[in-house]
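Engineer: Sharing a structure below in structure tokens format, with a few things to ask.
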There are 4 protein chains.
Amino acid sequence: MKTQPPPRRSFASDNNAGVHPEIIEAISQVNQGHVIAYGDDHYTERAVTQFQKHFGKDIAVYFVFGGTGANVLGLQALLKSYQAVVCAETAHINVDECGAPEKFTGCKLLSVATPDGKLREELIEPFLHGVGFEHHVQPGVISISQATEMGTVYKFEEVKALANFAHKHNMLLHMDGARIANAAVSLNTTLRKITGDLGVDVLSFGGTKNGMMYGEAVVFFDKKRAADFKYIRKQGMHLPSKMRFISAQFEALLSGDLWRRSAAHSNRMAQLLAQEIKRMPQVQLTQPVDANGVFFTMPKKYIPVIQQKYFFYVWNEETSEVRLMTSFDTTESDIEDFVALLKRTVK
Amino acid sequence: MKTQPPPRRSFASDNNAGVHPEIIEAISQVNQGHVIAYGDDHYTERAVTQFQKHFGKDIAVYFVFGGTGANVLGLQALLKSYQAVVCAETAHINVDECGAPEKFTGCKLLSVATPDGKLREELIEPFLHGVGFEHHVQPGVISISQATEMGTVYKFEEVKALANFAHKHNMLLHMDGARIANAAVSLNTTLRKITGDLGVDVLSFGGTKNGMMYGEAVVFFDKKRAADFKYIRKQGMHLPSKMRFISAQFEALLSGDLWRRSAAHSNRMAQLLAQEIKRMPQVQLTQPVDANGVFFTMPKKYIPVIQQKYFFYVWNEETSEVRLMTSFDTTESDIEDFVALLKRTVK
Amino acid sequence: MKTQPPPRRSFASDNNAGVHPEIIEAISQVNQGHVIAYGDDHYTERAVTQFQKHFGKDIAVYFVFGGTGANVLGLQALLKSYQAVVCAETAHINVDECGAPEKFTGCKLLSVATPDGKLREELIEPFLHGVGFEHHVQPGVISISQATEMGTVYKFEEVKALANFAHKHNMLLHMDGARIANAAVSLNTTLRKITGDLGVDVLSFGGTKNGMMYGEAVVFFDKKRAADFKYIRKQGMHLPSKMRFISAQFEALLSGDLWRRSAAHSNRMAQLLAQEIKRMPQVQLTQPVDANGVFFTMPKKYIPVIQQKYFFYVWNEETSEVRLMTSFDTTESDIEDFVALLKRTVK
Amino acid sequence: MKTQPPPRRSFASDNNAGVHPEIIEAISQVNQGHVIAYGDDHYTERAVTQFQKHFGKDIAVYFVFGGTGANVLGLQALLKSYQAVVCAETAHINVDECGAPEKFTGCKLLSVATPDGKLREELIEPFLHGVGFEHHVQPGVISISQATEMGTVYKFEEVKALANFAHKHNMLLHMDGARIANAAVSLNTTLRKITGDLGVDVLSFGGTKNGMMYGEAVVFFDKKRAADFKYIRKQGMHLPSKMRFISAQFEALLSGDLWRRSAAHSNRMAQLLAQEIKRMPQVQLTQPVDANGVFFTMPKKYIPVIQQKYFFYVWNEETSEVRLMTSFDTTESDIEDFVALLKRTVK
């Protein structure tokens with residue numbers, strides 16, 4: 001048994017946070033009587049309506065348990081096994097899903113190194129050499145994360161360019177939107193304007209990292225691509241039986257401004273932290289702080305000292321780069337307290 | 001938009017019920033501060049301790065999102081792709097998981113017809129002819145459901161015999177325990193005495209159908225078989241990030257007698273219903289009512305009439321057999337009301 | 001080291017035979033100089049032309065190493081993993097390919113018992129109940145073997161009816177033609193008239209069991225279904241590099257009447273054997289002898305005695321049913337000698 | 001229909017060559033009578049004995065149709081799907097098998113850039129960071145090609161170091177030996193001394209590129225790892241039915257010095273070519289010529305001119321690097337003629 005309680009709030013990850021009270025409340029509200037399982041209920045209808053309000057009438061949307069499931073099953077809907085997914089080396093699908101994409105889809109991932117977690121057309125072009133040759137996997141999908149795993153956010157025109165490039169070369173554009181709300185806030189725009197409107201074909205819409213308990217959504221901007229997704233989801237072991245409890249969370253998130261409020265708050269906390277980091281000569285930001293992640297290098301020896309009070313992850317052992325994530329419940333005093341501790345330690 | 005609200009409580013399935021209030025309360029209790037994601041938290045430790053209390057110190061237990069995941073990943077841990085799973089034709093893994101076992105494990109399912117959903121050694125024996133011949137899949141696991149999908153419950157000696165048969169022939173015994181609590185109550189015993197103590201190797205322990213919101217557990221009675229299960233779970237897309245909210249549910253279910261109370265209630269409601277059915281000449285029970293499912297035939301023309309008020313599923317169109325499931329929240333007046341309606345309709 | 005040479009010719013299987021001398025000769029003929037590997041050579045063009053001559057201009061045809069590969073990859077071209085293949089319980093894909101179809105395609109096989117290895121519409125109908133329900137695999141292909149594994153041959157109208165049934169229900173018809181030549185001879189028709197003309201969508205065209213050394217072909221009667229088969233074949237590990245040596249065999253088989261001559265001979269040898277069997281009261285034919293397999297029951301104790309001289313397989317231990325296969329090189333004196341031995345032994 | 005015959009001999013690939021006459025002769029020799037299919041015959045026993053003579057009594061060896069099958073199924077025997085294969089970016093398994101390894105094994109390939117197609121320990125070390133963390137695939141096998149796809153050959157101590165590194169970190173060493181004979185000749189050693197004796201765990205032993213018609217072998221240096229390989233091979237669609245015709249080829253290759261004679265010849269032809277290339281200022285060798293491949297850059301505009309007479313592949317469009325492969329049947333006059341043509345063209 002662990003003897004030490006964990007710190008009240010850490011900077012380890014936005015999924016170390018709990019559940020937003022409004023989400024908990026929404027769950028309780030729908031806990032009445034019986035409804036048909038597996039999504040054929042009116043709570044799910046209402047949640048779908050919210051998604052349509054945000055993303056357009058013509059989408060198809062499916063709820064799944066978690067983010068890896070959303071990514072992998074969304075990709076499965078777009079690909080045949082001899083096709084490949086082009087992604088950044090740092091992509092969650094490439095490094096953090098224990099090979100689930102390869103195992104389930106049979107597809108190869110073609111990953112490329114990037115300075116900031118963002119793909120660019122010229123990085124993808126070399127993979128086109130093998131198109132049409134049966135010895136080589138055939139690039140079928142470009143997958144990008146918005147916000148990226150490096151805390152950066154693709155600009156409108158960057159996503160648009162990748163969508164155009166994909167479609168020009170008979171590929172599709174997949175977006176891992178585990179932190180899409182943070183990206184939308186960062187770009188001061190709507191959810192639709194940075195996804196479907198730019199040419200994204202399939203989106204993993206993240207709920208868990210933005211204050212939900214569990215549940216993600218796979219959004220298809222062309223319904224036809226989702227024609228058989230209900231089978232893919234069930235065979236993919238991601239059809240929740242008591243669906244209403246995911247639907248209620250999504251409705252709570254999307255019907256008002258909770259999604260935006262929470263993301264805006266966590267982005268702002270990251271900005272607060274970044275501003276302080278910039279002022280300290282002993283530590284250096286390594287990435288633009290576009291969303292709710294702050295990456296910086298600091299002297300290695302101080303890391304464990306600070307981790308004792310505020311846990312966070314070391315991103316790169318070699319360069320002594322650390323990653324701090326903020327979340328909907330991070331407080332200004334968390335930031336102040338952390339910064340004070342950091343200053344005391346490294347000075 | 002549906003204009004009619006669903007009936008307050010149906011007999012469609014135990015997963016059409018909501019969440020037990022004590023479970024909801026437990027979820028709220030753990031919604032405080034940050035804890036490490038993915039299960040490395042003390043709530044999960046406490047839940048694991050509860051499992052050990054019930055199943056023995058030497059088990060390994062892993063939580064997953066849902067029941068299909070629990071079954072498929074538990075099987076994956078036991079099998080190589082050229083091996084096969086022997087199961088009853090009616091098994092959930094065989095008919096209700098959209099081929100997830102085959103897709104994920106690569107294994108063939110060898111299913112056999114049974115009168116009551118229960119496997120027996122003599123039904124499995126024919127599959128042993130091919131052992132050692134490379135042209136044939138090699139039986140590697142016997143999978144049984146307890147309680148079965150037909151509402152029946154294996155007796156102690158029946159499970160024991162299958163475990164012995166399996167082990168004698170170098171196979172393992174898997175138990176789909178989506179309704180294991182109902183079975184334990186039915187046999188008036190503990191969870192352990194009808195699983196590990198009888199030779200079950202891996203158990204899918206069901207939470208959702210016994211009043212949880214989501215979450216099932218894979219219990220290994222020999223820890224060595226779970227040596228790499230953490231990778232199988234992650235690659236299998238079933239590692240919940242905010243694990244504490246599953247753990248809290250399991251702790252609530254298992255630390256006191258909630259698991260037994262809920263199952264006992266739903267079993268009792270099934271008995272109540274069955275007793276009434278037996279008294280009615282126009283309808284015939286088709287299976288022993290051992291747990292919380294009641295199967296009976298009734299004149300086809302009356303089915304839709306009754307379904308309007310109390311929804312339930314037709315199990316067999318040809319024979320006009322229906323299935324009614326009770327759950328933790330079924331009330332005596334639900335039964336009385338249903339029976340009165342049935343009597344009025346079919347008389 | 002085995003000390004006994006095997007019998008000169010057995011009745012074990014048509015793939016225990018060697019290679020027809022004309023095939024060997026054809027191989028030698030093309031062994032000159034270099035040609036582009038993987039099928040982009042003029043020998044392969046010539047072989048494809050032969051296939052078009054037999055099956056029509058609009059087919060697409062691909063050569064693979066062996067029969068299991070032909071079946072599995074042909075099915076892969078037609079199916080998504082949540083779909084299922086309906087087949088007879090005795091189908092090669094169901095019992096003799098060690099689960100290769102499930103492993104590679106991810107699809108479930110839905111097998112049904114038949115008296116004679118032949119599917120019929122009414123046996124398939126029950127699988128349509130689940131169409132449209134995401135919990136159930138979706139029947140996508142009906143697969144039949146022609147000739148069947150029981151030595152029987154589907155009649156024209158039987159295949160036609162299955163093709164119609166398949167297409168009516170949005171399924172496709174796959175034919176395992178490992179012994180398609182024997183079937184064509186049995187029905188006294190052309191290869192096309194019992195395949196594409198009846199509505200077969202994809203055919204595994206067998207070479208090895210009809211005197212080739214190795215090599216089978218996957219024939220698509222609608223080219224569009226083969227649009228990506230070159231990738232499926234390569235990813236399926238069945239793209240031969242020195243393709244010309246398969247192509248030469250197919251050209252030799254199909255350019256004259258070798259395919260028919262060989263199949264006609266082996267069918268006739270089976271008839272000869274069957275006629276003798278029918279005259280013997282101690283043994284009973286169990287299946288019509290439509291092609292080159294003869295199934296009969298005989299007193300169990302005599303089986304090993306006869307196997308010492310002429311090896312064959314016991315098909316069913318319980319009923320003491322044996323299977324004898326004839327091949328292109330079986331001689332009349334083989335039959336006479338075997339029958340004499342059988343008579344002496346069982347009298 | 002192609003109107004132009006292909007050039008008599010090209011430098012496109014060693015698999016554009018035909019079959020060595022001694023191999024053809026061996027095939028004819030075993031084409032007599034019936035033998036049990038699928039490898040249970042004395043020709044196969046004799047071929048296995050030859051493998052044991054070369055590689056040691058304690059190996060297990062299995063014949064398959066082709067090289068991709070040998071690689072993928074050998075890897076499958078060593079890996080679970082959450083494990084990964086570390087390989088060079090240029091590895092055949094990584095770029096030339098259309099994703100067959102990922103599709104069949106479910107494993108991720110972790111590829112690294114190398115200057116010469118050769119892995120080194122320090123290139124693999126970064127992949128060890130994720131060992132033990134369930135979010136990351138677990139490196140399970142290091143796969144090297146000997147000779148490499150770049151025409152280079154690992155030195156004894158290089159292979160030894162990789163084997164030690166692998167075993168120290170609980171990994172295994174797989175060798176793609178499509179051109180292992182060329183490597184053995186290059187190092188002037190036996191087949192065993194550069195494989196099992198150095199710690200290689202599983203070897204794909206190439207036949208086709210060294211004068212065989214088809215057929216490769218999977219050699220396990222520890223029999224225990226092959227315990228279930230017969231099922232993997234069958235489920236992997238690579239169990240040839242008329243096995244004797246592969247076995248006869250291997251016996252011919254290995255019982256005398258044919259394997260060495262052929263490889264030595266093709267290596268010598270590559271040396272001859274390389275010597276001439278070195279003397280020409282307009283073209284530059286880009287890799288050491290250790291085996292039977294010659295890589296060099298040449299002015300882009302001359303490439304198609306020369307390809308008209310002697311076909312070969314452009315390896316790198318950007319750098320105008322070409323690859324010429326020699327084979328057992330390349331003649332000195334082929335080299336002289338090609339060199340003369342090259343000189344005339346580029347001067």
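Letters A, B, ... mark the chains of the structure tokens in the order given; residue numbers begin at 1 per chain; ligand numbers begin at 1, in order shown.
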Fewer than 4 positions away in the same chain doesn't count, so skip those; otherwise give me all residues within 6 Å of Ser81 (chain D), counting only C-alpha atoms, as a ChimeraX atom specification.
Structural biologist: /D:105-107
Engineer: Specify as a list in words all residues of chain D found within 10 Å of chain B, counting only C-alpha atoms.
Structural biologist: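 That gives Tyr38, Lys80, Ser81, Tyr82, Gln83, Phe104, Thr105, Gly106, Gly132, Phe133, Glu134, His135, His136, Val137, Gln138, Asp228, Phe229, Lys230, Tyr231, Ile232, Arg233, Lys234, Gln235, Gly236 and Leu239 of chain D for chain D.
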Engineer: Just the number, please: distance in Å from CA of Pro240 (chain A) to CA of Val35 (chain A), one decimal.
Structural biologist: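 Calculated distance between CA of Pro240 (chain A) and CA of Val35 (chain A) is 13.3 Å.
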Engineer: What is the CA of Pro126 (chain B) to CA of Asn164 (chain B) distance in Å?
Structural biologist: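 These atoms are spaced 16.8 Å apart.
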Engineer: Within 9 Å of region 152-161 of chain A, which residues of region 272-302 of chain A come that close, and what is the closest atom pair and distance in Å for each? Count only C-alpha atoms and give it as a Markdown table.
Structural biologist:
| residue | atom | partner | partner_atom | distance |
| --- | --- | --- | --- | --- |
| A:Gln287 | CA | A:Thr152 | CA | 7.1 |
| A:Pro288 | CA | A:Thr152 | CA | 6.1 |
| A:Val289 | CA | A:Thr152 | CA | 6.3 |
| A:Asp290 | CA | A:Thr152 | CA | 5.0 |
| A:Ala291 | CA | A:Thr152 | CA | 6.4 |
| A:Asn292 | CA | A:Thr152 | CA | 9.0 |
| A:Gly293 | CA | A:Thr152 | CA | 8.1 |
Engineer: Please produce a file of those selected residues containing N, CA and C atoms, as an mmCIF file, in the first residue's frame.
Structural biologist:
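The resulting file, again_15.cif, is reproduced below:
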data_model
loop_
_atom_site.group_PDB
_atom_site.id
_atom_site.type_symbol
_atom_site.label_atom_id
_atom_site.label_comp_id
_atom_site.auth_asym_id
_atom_site.auth_seq_id
_atom_site.Cartn_x
_atom_site.Cartn_y
_atom_site.Cartn_z
ATOM 1 N N GLN A 287 9.440 24.434 -26.826
ATOM 2 C CA GLN A 287 8.372 24.432 -27.829
ATOM 3 C C GLN A 287 7.489 25.652 -27.615
ATOM 4 N N PRO A 288 6.886 26.161 -28.669
ATOM 5 C CA PRO A 288 5.858 27.187 -28.486
ATOM 6 C C PRO A 288 4.751 26.629 -27.590
ATOM 7 N N VAL A 289 4.226 27.471 -26.710
ATOM 8 C CA VAL A 289 3.140 27.009 -25.839
ATOM 9 C C VAL A 289 1.814 27.444 -26.466
ATOM 10 N N ASP A 290 1.300 26.573 -27.340
ATOM 11 C CA ASP A 290 0.073 26.904 -28.074
ATOM 12 C C ASP A 290 -1.175 26.414 -27.346
ATOM 13 N N ALA A 291 -1.027 25.365 -26.546
ATOM 14 C CA ALA A 291 -2.219 24.776 -25.933
ATOM 15 C C ALA A 291 -1.983 24.615 -24.430
ATOM 16 N N ASN A 292 -2.116 23.392 -23.920
ATOM 17 C CA ASN A 292 -1.995 23.234 -22.469
ATOM 18 C C ASN A 292 -0.776 22.423 -22.033
ATOM 19 N N GLY A 293 0.229 22.386 -22.897
ATOM 20 C CA GLY A 293 1.467 21.694 -22.531
ATOM 21 C C GLY A 293 2.633 22.662 -22.556
#
Engineer: Record the distance separating CA of Arg192 (chain A) and CA of Gln50 (chain A), expressed in Å with one decimal.
Structural biologist: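 Computing the Euclidean distance for CA of Arg192 (chain A) and CA of Gln50 (chain A) yields 12.3 Å.
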Engineer: Taking 4 positions as the minimum chain separation for residues in the same chain, which residues sit within 7 Å of Asp58 (chain D) when counting only C-alpha atoms? Answer as a PDB file with N, CA and C atoms, in the first residue's frame.
Structural biologist:
ATOM      1  N   PHE D 221      17.858 -22.356 -34.657  1.00  0.00           N
ATOM      2  CA  PHE D 221      19.053 -22.916 -34.041  1.00  0.00           C
ATOM      3  C   PHE D 221      18.774 -23.492 -32.659  1.00  0.00           C
ATOM      4  N   ASP D 222      17.629 -23.146 -32.114  1.00  0.00           N
ATOM      5  CA  ASP D 222      17.163 -23.799 -30.899  1.00  0.00           C
ATOM      6  C   ASP D 222      15.813 -24.420 -31.229  1.00  0.00           C
ATOM      7  N   LYS D 223      15.813 -25.746 -31.262  1.00  0.00           N
ATOM      8  CA  LYS D 223      14.617 -26.490 -31.673  1.00  0.00           C
ATOM      9  C   LYS D 223      13.373 -26.082 -30.899  1.00  0.00           C
TER      10      LYS D 223
END
Engineer: Ser327 (chain A): which residues within 8 Å, counting only C-alpha atoms, same-chain residues fewer than 4 positions away excluded, as number ranges by chain?
Structural biologist: A: 13-14, 17, 209-210, 262-263, 265-267, 269, 292
Engineer: Save out the residues we just selected, C-alpha atoms, as a PDB file, in the first residue's frame.
Structural biologist:
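Heads up, here's the output in part_17.pdb:
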ATOM      1  CA  SER A  13      -1.117  14.896 -17.591  1.00  0.00           C
ATOM      2  CA  ASP A  14      -4.562  16.264 -18.214  1.00  0.00           C
ATOM      3  CA  ALA A  17      -7.297  15.196 -13.365  1.00  0.00           C
ATOM      4  CA  LYS A 209      -8.649  15.011 -21.343  1.00  0.00           C
ATOM      5  CA  ASN A 210     -11.146  17.845 -21.183  1.00  0.00           C
ATOM      6  CA  SER A 262     -12.407  24.102 -19.565  1.00  0.00           C
ATOM      7  CA  ALA A 263      -9.970  24.216 -22.455  1.00  0.00           C
ATOM      8  CA  HIS A 265      -8.784  27.658 -18.550  1.00  0.00           C
ATOM      9  CA  SER A 266      -6.141  25.005 -19.009  1.00  0.00           C
ATOM     10  CA  ASN A 267      -4.589  26.891 -21.924  1.00  0.00           C
ATOM     11  CA  MET A 269      -2.770  28.169 -16.971  1.00  0.00           C
ATOM     12  CA  ASN A 292      -1.995  23.234 -22.469  1.00  0.00           C
TER      13      ASN A 292
END
Engineer: Just list as a VMD selection string whatever in region 174-247 of chain C DSSP marks as strand (DSSP E or B).
Structural biologist: chain C and resid 174 to 177 202 to 206 216 to 220
Engineer: Using only N, CA, C and O atoms, please write the residues we just selected to a file, as a JSON list (two decimals), in the first residue's frame.
Structural biologist:
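Result file is again-v8.json:
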[["chain", "number", "residue", "atom", "x", "y", "z"],
["C", 174, "HIS", "N", -17.95, -17.53, -53.68],
["C", 174, "HIS", "CA", -16.56, -17.96, -53.85],
["C", 174, "HIS", "C", -16.56, -19.46, -54.10],
["C", 174, "HIS", "O", -17.32, -20.20, -53.49],
["C", 175, "MET", "N", -15.73, -19.88, -55.04],
["C", 175, "MET", "CA", -15.62, -21.30, -55.32],
["C", 175, "MET", "C", -14.18, -21.78, -55.12],
["C", 175, "MET", "O", -13.26, -21.25, -55.72],
["C", 176, "ASP", "N", -14.03, -22.76, -54.23],
["C", 176, "ASP", "CA", -12.74, -23.42, -54.07],
["C", 176, "ASP", "C", -12.65, -24.48, -55.15],
["C", 176, "ASP", "O", -13.26, -25.55, -55.04],
["C", 177, "GLY", "N", -11.91, -24.18, -56.21],
["C", 177, "GLY", "CA", -11.81, -25.09, -57.34],
["C", 177, "GLY", "C", -10.51, -25.86, -57.36],
["C", 177, "GLY", "O", -9.93, -26.05, -58.43],
["C", 202, "VAL", "N", -15.58, -15.29, -57.47],
["C", 202, "VAL", "CA", -14.15, -15.55, -57.41],
["C", 202, "VAL", "C", -13.91, -17.04, -57.34],
["C", 202, "VAL", "O", -14.62, -17.76, -56.62],
["C", 203, "LEU", "N", -12.92, -17.49, -58.09],
["C", 203, "LEU", "CA", -12.61, -18.92, -58.18],
["C", 203, "LEU", "C", -11.15, -19.16, -57.80],
["C", 203, "LEU", "O", -10.26, -18.49, -58.31],
["C", 204, "SER", "N", -10.93, -20.11, -56.89],
["C", 204, "SER", "CA", -9.57, -20.65, -56.71],
["C", 204, "SER", "C", -9.41, -21.75, -57.74],
["C", 204, "SER", "O", -10.07, -22.80, -57.63],
["C", 205, "PHE", "N", -8.57, -21.51, -58.72],
["C", 205, "PHE", "CA", -8.37, -22.50, -59.79],
["C", 205, "PHE", "C", -7.18, -23.38, -59.44],
["C", 205, "PHE", "O", -6.05, -22.91, -59.31],
["C", 206, "GLY", "N", -7.45, -24.66, -59.29],
["C", 206, "GLY", "CA", -6.43, -25.57, -58.80],
["C", 206, "GLY", "C", -5.54, -26.12, -59.90],
["C", 206, "GLY", "O", -6.02, -26.59, -60.92],
["C", 216, "GLU", "N", -1.41, -22.09, -58.00],
["C", 216, "GLU", "CA", -2.86, -22.03, -58.14],
["C", 216, "GLU", "C", -3.17, -20.63, -58.67],
["C", 216, "GLU", "O", -2.31, -19.74, -58.64],
["C", 217, "ALA", "N", -4.38, -20.44, -59.12],
["C", 217, "ALA", "CA", -4.75, -19.13, -59.65],
["C", 217, "ALA", "C", -6.01, -18.63, -58.97],
["C", 217, "ALA", "O", -6.90, -19.41, -58.64],
["C", 218, "VAL", "N", -6.05, -17.32, -58.77],
["C", 218, "VAL", "CA", -7.28, -16.69, -58.27],
["C", 218, "VAL", "C", -7.91, -15.95, -59.44],
["C", 218, "VAL", "O", -7.30, -15.04, -60.00],
["C", 219, "VAL", "N", -9.10, -16.38, -59.81],
["C", 219, "VAL", "CA", -9.79, -15.81, -60.97],
["C", 219, "VAL", "C", -10.96, -14.95, -60.50],
["C", 219, "VAL", "O", -11.85, -15.43, -59.79],
["C", 220, "PHE", "N", -10.94, -13.68, -60.89],
["C", 220, "PHE", "CA", -12.03, -12.76, -60.58],
["C", 220, "PHE", "C", -12.87, -12.57, -61.83],
["C", 220, "PHE", "O", -12.35, -12.15, -62.86]]
Engineer: Would you give me, as an MDAnalysis selection string, the residues in region 129-282 of chain A that DSSP reads as helix (DSSP H, G or I)?
Structural biologist: chainID A and resid 129:130 156:168 180:186 196:198 208:210 223:226 229:235 244:255 258:279
